[in-house]
$ cat structure32.cif   # mmCIF, C-alpha atoms and all ligand atoms
data_model
loop_
_atom_site.label_atom_id
_atom_site.label_comp_id
_atom_site.auth_asym_id
_atom_site.auth_seq_id
_atom_site.Cartn_x
_atom_site.Cartn_y
_atom_site.Cartn_z
CA MET A 1 -9.68 -10.41 24.73
CA LEU A 2 -9.00 -8.22 21.75
CA THR A 3 -11.61 -5.79 20.54
CA CYS A 4 -12.72 -5.84 16.92
CA ARG A 5 -10.86 -2.58 16.32
CA GLU A 6 -7.67 -4.13 17.68
CA VAL A 7 -8.13 -7.01 15.26
CA ILE A 8 -8.12 -4.60 12.34
CA GLU A 9 -5.06 -2.86 13.73
CA PHE A 10 -3.42 -6.23 14.12
CA LEU A 11 -3.94 -6.91 10.43
CA MET A 12 -2.21 -3.67 9.53
CA ASN A 13 0.69 -4.45 11.86
CA TYR A 14 0.87 -8.03 10.65
CA ALA A 15 1.16 -6.87 7.07
CA GLU A 16 4.19 -4.86 8.16
CA GLY A 17 5.70 -7.73 10.14
CA ASN A 18 5.23 -6.00 13.48
CA VAL A 19 3.40 -8.63 15.52
CA THR A 20 4.64 -11.18 18.03
CA PRO A 21 3.57 -14.85 18.10
CA GLU A 22 1.60 -14.08 21.25
CA GLU A 23 -0.32 -11.33 19.49
CA ARG A 24 -1.11 -13.68 16.66
CA VAL A 25 -2.56 -16.21 19.12
CA ARG A 26 -4.76 -13.53 20.66
CA PHE A 27 -5.90 -12.51 17.20
CA GLU A 28 -6.89 -16.05 16.29
CA GLU A 29 -8.66 -16.47 19.63
CA HIS A 30 -10.76 -13.44 18.78
CA LEU A 31 -11.66 -14.81 15.35
CA ALA A 32 -12.76 -18.05 17.01
CA VAL A 33 -15.47 -16.23 18.96
CA CYS A 34 -16.26 -13.29 16.67
CA PRO A 35 -18.14 -14.10 13.45
CA ALA A 36 -18.21 -10.39 12.63
CA CYS A 37 -14.44 -10.26 12.17
CA VAL A 38 -14.41 -13.47 10.14
CA ASN A 39 -17.09 -11.96 7.96
CA TYR A 40 -15.03 -8.79 7.67
CA LEU A 41 -12.05 -10.79 6.42
CA ASN A 42 -14.19 -12.61 3.89
CA THR A 43 -15.68 -9.34 2.69
CA TYR A 44 -12.28 -7.72 2.54
CA ARG A 45 -10.87 -10.55 0.45
CA THR A 46 -13.80 -10.44 -1.95
CA THR A 47 -13.53 -6.68 -2.29
CA VAL A 48 -9.84 -6.90 -3.13
CA ARG A 49 -10.47 -9.57 -5.73
CA LEU A 50 -13.31 -7.70 -7.39
CA GLY A 51 -11.21 -4.56 -7.42
CA GLN A 52 -8.39 -6.35 -9.19
CA GLN A 53 -10.76 -7.69 -11.81
CA ALA A 54 -12.33 -4.30 -12.45
CA PHE A 55 -9.08 -2.46 -13.02
CA LYS A 56 -5.39 -2.95 -12.42
CA PRO A 57 -4.52 -1.14 -9.19
CA LEU A 58 -1.13 0.24 -8.31
CA PRO A 59 1.10 -2.20 -6.42
CA THR A 60 -0.50 -2.78 -3.04
CA ASP A 61 2.74 -2.32 -1.17
CA ALA A 62 2.60 1.33 -2.20
CA ASP A 63 -0.33 1.73 0.18
CA GLU A 64 0.71 1.20 3.79
CA SER A 65 -2.87 0.96 4.99
CA SER A 66 -3.80 -2.00 2.82
CA VAL A 67 -3.78 -5.62 3.97
CA PRO A 68 -2.27 -8.08 1.48
CA GLU A 69 -4.80 -10.45 0.00
CA ASP A 70 -2.31 -13.28 0.57
CA LEU A 71 -2.37 -12.57 4.30
CA VAL A 72 -6.15 -12.59 4.50
CA ARG A 73 -6.34 -15.80 2.53
CA ALA A 74 -3.73 -17.49 4.74
CA ILE A 75 -5.65 -16.55 7.87
CA LEU A 76 -8.93 -17.83 6.50
CA ASP A 77 -7.36 -21.03 5.19
CA ALA A 78 -5.80 -21.73 8.58
CA ARG A 79 -9.20 -21.46 10.22
CA ARG A 80 -10.70 -24.19 8.05
CA LYS A 81 -8.51 -26.87 9.61
ZN ZN P 101 -14.34 -9.06 16.23
#

$ encode --input "structure32.cif" --output "structure tokens"
Amino acid sequence: MLTCREVIEFLMNYAEGNVTPEERVRFEEHLAVCPACVNYLNTYRTTVRLGQQAFKPLPTDADESSVPEDLVRAILDARRK
């Protein structure tokens, strides 16, 4: 089982295209049993959106530590099925 910290690290790696299909499965298994991480993703997405409305940030791909909003949305959308 992944730890919550590993989930966050996974997101960073995923944004860079550095995860295997097996790692993705483990990540989704963690989300299935960890409301805290699902809540984190929801909060993260909201924060990004509010930030974009408040002011125009620099392109997100200039910041290697950021997780693309598109990625977070795709993960959350997949979980609704
Ligand atoms: Zn977690």

$ residues_near_ligand --input "structure32.cif" --ligand "ligand ZN 101 (chain P)" --cutoff "8 Å" --atoms "only C-alpha atoms and all ligand atoms" --output "PDB file with C-alpha atoms, keeping the file's coordinate frame"
ATOM      1  CA  LEU A   2      -9.000  -8.220  21.750  1.00  0.00           C
ATOM      2  CA  THR A   3     -11.610  -5.790  20.540  1.00  0.00           C
ATOM      3  CA  CYS A   4     -12.720  -5.840  16.920  1.00  0.00           C
ATOM      4  CA  ARG A   5     -10.860  -2.580  16.320  1.00  0.00           C
ATOM      5  CA  VAL A   7      -8.130  -7.010  15.260  1.00  0.00           C
ATOM      6  CA  HIS A  30     -10.760 -13.440  18.780  1.00  0.00           C
ATOM      7  CA  LEU A  31     -11.660 -14.810  15.350  1.00  0.00           C
ATOM      8  CA  VAL A  33     -15.470 -16.230  18.960  1.00  0.00           C
ATOM      9  CA  CYS A  34     -16.260 -13.290  16.670  1.00  0.00           C
ATOM     10  CA  PRO A  35     -18.140 -14.100  13.450  1.00  0.00           C
ATOM     11  CA  ALA A  36     -18.210 -10.390  12.630  1.00  0.00           C
ATOM     12  CA  CYS A  37     -14.440 -10.260  12.170  1.00  0.00           C
ATOM     13  CA  VAL A  38     -14.410 -13.470  10.140  1.00  0.00           C
TER      14      VAL A  38
END

$ residues_around --input "structure32.cif" --residues "Glu23 in chain A" --least-positions-apart "5" --cutoff "10 Å" --atoms "only C-alpha atoms" --output "PyMOL selection string"
chain A and resi 2+7+10+14+18+28-29

$ atom_distance --input "structure32.cif" --atom1 "CA of Val19 in chain A" --atom2 "CA of Tyr40 in chain A"
20.0 Å

$ atom_distance --input "structure32.cif" --atom1 "CA of Leu71 in chain A" --atom2 "CA of Met12 in chain A"
10.3 Å

$ build_atoms --input "structure32.cif" --residues "range 32-43 of chain A" --atoms "N, CA and C atoms" --output "short mmCIF file (atom, residue, chain, number, x, y, z; two decimals), in the frame of the given file"
data_model
loop_
_atom_site.label_atom_id
_atom_site.label_comp_id
_atom_site.auth_asym_id
_atom_site.auth_seq_id
_atom_site.Cartn_x
_atom_site.Cartn_y
_atom_site.Cartn_z
N ALA A 32 -12.03 -16.84 16.65
CA ALA A 32 -12.76 -18.05 17.01
C ALA A 32 -14.10 -17.74 17.66
N VAL A 33 -14.23 -16.57 18.24
CA VAL A 33 -15.47 -16.23 18.96
C VAL A 33 -16.20 -15.04 18.34
N CYS A 34 -15.67 -14.51 17.23
CA CYS A 34 -16.26 -13.29 16.67
C CYS A 34 -16.57 -13.46 15.19
N PRO A 35 -17.77 -13.93 14.86
CA PRO A 35 -18.14 -14.10 13.45
C PRO A 35 -18.06 -12.79 12.66
N ALA A 36 -18.25 -11.68 13.33
CA ALA A 36 -18.21 -10.39 12.63
C ALA A 36 -16.84 -10.15 11.99
N CYS A 37 -15.78 -10.49 12.72
CA CYS A 37 -14.44 -10.26 12.17
C CYS A 37 -14.12 -11.27 11.07
N VAL A 38 -14.59 -12.49 11.21
CA VAL A 38 -14.41 -13.47 10.14
C VAL A 38 -15.12 -13.00 8.88
N ASN A 39 -16.33 -12.48 9.09
CA ASN A 39 -17.09 -11.96 7.96
C ASN A 39 -16.38 -10.77 7.33
N TYR A 40 -15.79 -9.94 8.18
CA TYR A 40 -15.03 -8.79 7.67
C TYR A 40 -13.90 -9.26 6.77
N LEU A 41 -13.17 -10.29 7.22
CA LEU A 41 -12.05 -10.79 6.42
C LEU A 41 -12.53 -11.34 5.09
N ASN A 42 -13.65 -12.07 5.12
CA ASN A 42 -14.19 -12.61 3.89
C ASN A 42 -14.61 -11.48 2.94
N THR A 43 -15.25 -10.47 3.50
CA THR A 43 -15.68 -9.34 2.69
C THR A 43 -14.49 -8.60 2.13
#
